[in-house]
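Undergrad: Sending over a structure as structure tokens; questions will come in a sec.
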Amino acid sequence: KAGVTQTPRYLIKTRGQQVTLSCSPISGHRSVSWYQQTPGQGLQFLFEYFSETQRNKGNFPGRFSGRQFSNSRSEMNVSTLELGDSALYLCASSAKGQGNEKLFFGSGTQLSVL
Amino acid sequence: TQLLEQSPQFLSIQEGENLTVYCNSSSVFSSLQWYRQEPGEGPVLLVTVVTGGEVKKLKRLTFQFGDARKDSSLHITAAQPGDTGLYLCAGSIYNFNKFYFGSGTKLNVKP
């Protein structure tokens, strides 16, 4: 079984631009979550999608948005990029999206905002 | 402020030593997970604990969930260089698929 695939692996953008990150979950998994990882704040939950619906949301501004397609693939978008958005963005998938399930993480997209 | 406080932040030990990592909170969790993350990769799940007082063993790793489900510990016996990495605890409240992560413990095991 292929793992969670995130693209691109690295991204460099400038302030004010927008960016779209992609995540392909493990086949059969219906839940996709997104996390932001920074040295200062650690891993912070952005949002979770299940069957194309956003079920849970973290405390991030509205510049951070996401969506999930019918094949469970997910994208997240960050508009009007700020320097502080530089981080590793991790996507995780699970079969049913329950809190006691195993999360499978991708290798992440390293975003640098200049 | 992190919902889960993890300690210590850094640990550098010699091969063969034992160590314990702690994960504490004032909140009650329905489940708590431990992950290990290596540079350039996403976290990999080591264990999930769901019952207060639960103890799980994975070879040289022992995980414990506190009786009140507010804290957890990870104990490694006879650490090896292959144990080097960032150890993260993560808790879920109300069984939602939204995890609160601790700040992590960076472990370095020297040969």
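Residues in the structure tokens are named by chain (A, B, ... in the order shown) and by number from 1 within that chain; ligands are numbered from 1 in the order shown.
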Please list as number ranges by chain every residue within 9 Å of Val47 in chain B, counting only C-alpha atoms and excluding residues in the same chain fewer than 5 positions away.
TA: A: 102; B: 32-35, 56-58, 63
Undergrad: Write out, as a compact mmCIF listing (two decimals), in the first residue's frame, the residues just selected, with N, CA and C atoms.
TA:
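Dumped to part_26.txt:
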```
# COMPACT_ATOMS: atom_id res chain seq x y z
N LYS A 102 -4.94 5.17 14.15
CA LYS A 102 -3.57 5.47 13.76
C LYS A 102 -3.57 6.54 12.67
N LEU B 32 -4.29 8.91 23.90
CA LEU B 32 -3.00 9.58 23.82
C LEU B 32 -2.07 8.73 22.96
N GLN B 33 -1.36 9.38 22.09
CA GLN B 33 -0.47 8.67 21.18
C GLN B 33 0.96 9.17 21.34
N TRP B 34 1.90 8.30 21.03
CA TRP B 34 3.32 8.66 20.99
C TRP B 34 3.83 8.43 19.59
N TYR B 35 4.58 9.40 19.10
CA TYR B 35 5.17 9.34 17.77
C TYR B 35 6.68 9.55 17.85
N LYS B 56 1.66 -0.16 27.99
CA LYS B 56 1.93 -0.93 26.77
C LYS B 56 3.44 -1.01 26.56
N LYS B 57 3.87 -2.18 26.10
CA LYS B 57 5.30 -2.38 25.85
C LYS B 57 5.53 -2.68 24.39
N LEU B 58 6.57 -2.05 23.88
CA LEU B 58 6.97 -2.26 22.49
C LEU B 58 8.47 -2.48 22.52
N PHE B 63 5.17 2.36 27.57
CA PHE B 63 4.30 3.52 27.57
C PHE B 63 3.27 3.36 28.69
```
Undergrad: Identify all chain B residues at most 10 Å from chain A by counting only C-alpha atoms; ligands do not count. Present them as a short mmCIF file (atom, residue, chain, number, x, y, z; two decimals) with N, CA, C and O atoms, in the first residue's frame.
TA:
```
data_model
loop_
_atom_site.label_atom_id
_atom_site.label_comp_id
_atom_site.auth_asym_id
_atom_site.auth_seq_id
_atom_site.Cartn_x
_atom_site.Cartn_y
_atom_site.Cartn_z
N THR B 1 0.22 28.82 24.72
CA THR B 1 0.43 27.79 25.75
C THR B 1 0.03 26.43 25.18
O THR B 1 -1.04 26.28 24.61
N GLN B 2 0.93 25.46 25.35
CA GLN B 2 0.65 24.11 24.85
C GLN B 2 -0.30 23.39 25.80
O GLN B 2 -0.19 23.50 27.02
N PHE B 29 -7.80 13.36 28.37
CA PHE B 29 -7.79 12.92 26.98
C PHE B 29 -8.48 11.58 26.81
O PHE B 29 -8.38 10.70 27.66
N SER B 30 -9.19 11.42 25.71
CA SER B 30 -9.82 10.14 25.42
C SER B 30 -8.81 9.15 24.88
O SER B 30 -8.99 7.94 25.00
N SER B 31 -7.75 9.65 24.28
CA SER B 31 -6.66 8.78 23.83
C SER B 31 -5.38 9.59 23.78
O SER B 31 -5.43 10.82 23.62
N LEU B 32 -4.29 8.91 23.90
CA LEU B 32 -3.00 9.58 23.82
C LEU B 32 -2.07 8.73 22.96
O LEU B 32 -2.05 7.50 23.10
N GLN B 33 -1.36 9.38 22.09
CA GLN B 33 -0.47 8.67 21.18
C GLN B 33 0.96 9.17 21.34
O GLN B 33 1.18 10.32 21.71
N TYR B 35 4.58 9.40 19.10
CA TYR B 35 5.17 9.34 17.77
C TYR B 35 6.68 9.55 17.85
O TYR B 35 7.19 10.16 18.79
N GLN B 37 9.68 11.08 15.21
CA GLN B 37 9.90 11.76 13.96
C GLN B 37 11.38 11.90 13.70
O GLN B 37 12.14 12.33 14.57
N GLU B 38 11.79 11.56 12.48
CA GLU B 38 13.18 11.73 12.08
C GLU B 38 13.28 12.91 11.13
O GLU B 38 12.29 13.29 10.49
N PRO B 39 14.43 13.54 11.05
CA PRO B 39 14.59 14.75 10.22
C PRO B 39 14.13 14.52 8.78
O PRO B 39 14.45 13.50 8.17
N GLY B 40 13.33 15.45 8.28
CA GLY B 40 12.87 15.37 6.89
C GLY B 40 11.72 14.42 6.66
O GLY B 40 11.33 14.19 5.51
N GLU B 41 11.18 13.87 7.75
CA GLU B 41 10.07 12.92 7.61
C GLU B 41 8.91 13.32 8.51
O GLU B 41 9.06 14.13 9.42
N GLY B 42 7.75 12.73 8.24
CA GLY B 42 6.61 12.96 9.12
C GLY B 42 6.69 12.04 10.33
O GLY B 42 7.43 11.05 10.32
N PRO B 43 5.94 12.35 11.38
CA PRO B 43 5.94 11.49 12.58
C PRO B 43 5.39 10.10 12.25
O PRO B 43 4.51 9.96 11.40
N VAL B 44 5.91 9.10 12.95
CA VAL B 44 5.45 7.73 12.80
C VAL B 44 4.90 7.27 14.15
O VAL B 44 5.56 7.40 15.17
N LEU B 45 3.69 6.74 14.12
CA LEU B 45 3.03 6.32 15.36
C LEU B 45 3.75 5.14 16.00
O LEU B 45 4.08 4.15 15.34
N LEU B 46 3.98 5.26 17.32
CA LEU B 46 4.57 4.16 18.09
C LEU B 46 3.48 3.39 18.84
O LEU B 46 3.47 2.16 18.84
N VAL B 47 2.58 4.14 19.48
CA VAL B 47 1.57 3.47 20.30
C VAL B 47 0.38 4.40 20.53
O VAL B 47 0.52 5.63 20.46
N THR B 48 -0.78 3.80 20.79
CA THR B 48 -1.97 4.53 21.22
C THR B 48 -2.43 3.94 22.55
O THR B 48 -2.55 2.71 22.67
N VAL B 49 -2.69 4.77 23.54
CA VAL B 49 -3.25 4.30 24.81
C VAL B 49 -4.58 5.00 25.02
O VAL B 49 -4.72 6.18 24.71
N VAL B 50 -5.56 4.24 25.52
CA VAL B 50 -6.90 4.80 25.66
C VAL B 50 -7.49 4.63 27.06
O VAL B 50 -8.44 5.33 27.42
N LEU B 88 7.24 12.65 20.18
CA LEU B 88 6.09 13.54 20.36
C LEU B 88 4.94 12.79 21.00
O LEU B 88 4.63 11.66 20.59
N ALA B 90 0.76 13.09 21.71
CA ALA B 90 -0.38 13.77 21.10
C ALA B 90 -1.66 13.23 21.73
O ALA B 90 -1.83 12.01 21.83
N GLY B 91 -2.54 14.13 22.12
CA GLY B 91 -3.78 13.71 22.77
C GLY B 91 -5.00 14.15 22.00
O GLY B 91 -5.01 15.19 21.36
N SER B 92 -6.03 13.32 22.10
CA SER B 92 -7.31 13.62 21.48
C SER B 92 -8.36 13.76 22.59
O SER B 92 -8.38 12.98 23.54
N ILE B 93 -9.22 14.77 22.43
CA ILE B 93 -10.29 14.99 23.41
C ILE B 93 -11.62 14.61 22.76
O ILE B 93 -11.84 14.92 21.58
N TYR B 94 -12.47 13.93 23.50
CA TYR B 94 -13.79 13.49 23.00
C TYR B 94 -13.68 12.60 21.76
O TYR B 94 -14.62 12.51 20.97
N ASN B 95 -12.52 11.96 21.60
CA ASN B 95 -12.32 11.05 20.47
C ASN B 95 -12.43 11.74 19.11
O ASN B 95 -12.68 11.09 18.10
N PHE B 96 -12.26 13.07 19.10
CA PHE B 96 -12.24 13.77 17.83
C PHE B 96 -10.91 13.52 17.13
O PHE B 96 -9.88 13.32 17.78
N ASN B 97 -10.92 13.55 15.85
CA ASN B 97 -9.69 13.37 15.09
C ASN B 97 -8.97 14.71 14.98
O ASN B 97 -8.70 15.20 13.89
N LYS B 98 -8.70 15.30 16.12
CA LYS B 98 -7.98 16.57 16.23
C LYS B 98 -7.02 16.38 17.39
O LYS B 98 -7.46 16.21 18.53
N PHE B 99 -5.74 16.34 17.09
CA PHE B 99 -4.76 16.01 18.09
C PHE B 99 -3.99 17.23 18.55
O PHE B 99 -3.58 18.08 17.74
N TYR B 100 -3.78 17.31 19.86
CA TYR B 100 -2.94 18.32 20.47
C TYR B 100 -1.58 17.68 20.73
O TYR B 100 -1.50 16.68 21.44
N PHE B 101 -0.56 18.27 20.14
CA PHE B 101 0.78 17.71 20.25
C PHE B 101 1.60 18.41 21.32
O PHE B 101 1.48 19.63 21.53
N GLY B 102 2.42 17.62 22.01
CA GLY B 102 3.41 18.21 22.90
C GLY B 102 4.52 18.83 22.06
O GLY B 102 4.59 18.61 20.85
N SER B 103 5.39 19.58 22.71
CA SER B 103 6.45 20.30 22.00
C SER B 103 7.59 19.37 21.56
O SER B 103 8.43 19.75 20.76
N GLY B 104 7.60 18.16 22.08
CA GLY B 104 8.59 17.19 21.62
C GLY B 104 9.81 17.08 22.50
O GLY B 104 10.20 18.01 23.20
#
```
Undergrad: If I take CA of Glu82 in chain A and CA of Thr20 in chain A, how far is one from the other in Å, to one decimal?
TA: 14.5 Å
Undergrad: Report, in Å with one decimal, the straight-line distance from CA of Asn18 in chain B to CA of Leu3 in chain B.
TA: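 Interatomic distance, CA of Asn18 in chain B to CA of Leu3 in chain B: 26.9 Å.
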Undergrad: Identify all residues of chain A in strand (DSSP E or B) (DSSP on the backbone) and supply them as a PyMOL selection string.
TA: chain A and resi 5-7+10-13+19-24+31-38+42-50+53-57+64-68+74-78+87-94+104-105+109-113
Undergrad: Go ahead and save the residues from that selection, with C-alpha atoms, as a CSV table (one decimal), in the first residue's frame.
TA:
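Contents of the output file part_15.csv:
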```
chain,number,residue,atom,x,y,z
A,5,THR,CA,2.0,11.5,-0.6
A,6,GLN,CA,2.5,15.3,-0.3
A,7,THR,CA,3.5,17.6,-3.1
A,10,TYR,CA,9.8,22.1,-1.0
A,11,LEU,CA,8.3,25.5,-1.9
A,12,ILE,CA,9.7,29.0,-1.8
A,13,LYS,CA,7.3,32.0,-2.0
A,19,VAL,CA,0.2,28.7,-2.2
A,20,THR,CA,-1.6,25.4,-2.7
A,21,LEU,CA,-0.3,22.2,-1.1
A,22,SER,CA,-1.5,18.8,-2.1
A,23,CYS,CA,-2.0,15.6,-0.1
A,24,SER,CA,-3.0,12.1,-1.4
A,31,SER,CA,-10.1,11.4,6.8
A,32,VAL,CA,-7.3,13.9,6.0
A,33,SER,CA,-5.9,16.2,8.6
A,34,TRP,CA,-3.4,19.1,8.2
A,35,TYR,CA,-0.8,20.2,10.7
A,36,GLN,CA,1.7,23.0,10.8
A,37,GLN,CA,5.1,22.3,12.4
A,38,THR,CA,7.5,25.1,13.4
A,42,GLY,CA,5.7,22.5,17.4
A,43,LEU,CA,2.9,20.7,15.6
A,44,GLN,CA,-0.4,22.6,15.5
A,45,PHE,CA,-3.7,21.3,14.1
A,46,LEU,CA,-5.0,23.2,11.1
A,47,PHE,CA,-8.1,21.3,10.0
A,48,GLU,CA,-9.6,17.9,9.3
A,49,TYR,CA,-11.7,16.7,6.4
A,50,PHE,CA,-13.9,13.6,6.2
A,53,THR,CA,-16.6,18.0,4.7
A,54,GLN,CA,-14.5,20.0,7.2
A,55,ARG,CA,-15.2,18.4,10.6
A,56,ASN,CA,-12.6,20.0,12.8
A,57,LYS,CA,-10.8,23.3,12.7
A,64,PHE,CA,-5.6,29.1,5.8
A,65,SER,CA,-8.2,27.0,4.0
A,66,GLY,CA,-8.6,23.5,2.6
A,67,ARG,CA,-10.8,21.2,0.7
A,68,GLN,CA,-11.2,17.5,0.1
A,74,SER,CA,-7.0,17.1,-0.1
A,75,GLU,CA,-5.5,20.5,-0.8
A,76,MET,CA,-4.7,23.3,1.5
A,77,ASN,CA,-4.3,26.9,0.5
A,78,VAL,CA,-2.6,29.8,2.2
A,87,ALA,CA,6.9,25.9,8.3
A,88,LEU,CA,6.7,22.2,7.5
A,89,TYR,CA,3.1,21.4,6.6
A,90,LEU,CA,2.2,17.9,7.3
A,91,CYS,CA,-0.8,15.9,6.1
A,92,ALA,CA,-2.1,12.8,7.9
A,93,SER,CA,-4.7,10.3,6.9
A,94,SER,CA,-6.7,7.8,8.8
A,104,PHE,CA,-0.3,8.1,8.9
A,105,PHE,CA,1.7,11.2,8.1
A,109,THR,CA,5.9,20.2,2.4
A,110,GLN,CA,8.6,22.6,3.6
A,111,LEU,CA,7.4,26.1,2.9
A,112,SER,CA,9.7,29.1,3.0
A,113,VAL,CA,8.3,32.6,2.8
```
Undergrad: Which value, in Å to one decimal, gives the distance between CA of Thr105 in chain B and CA of Asp83 in chain B?
TA: 12.0 Å
Undergrad: Choose the residue, out of B:Leu86, B:Val55, B:Leu11, B:Leu19, that has the smallest atom-to-atom separation from Arg36 in chain B; count only C-alpha atoms.
TA: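 Among the listed residues, B:Leu86 lies closest to Arg36 in chain B.
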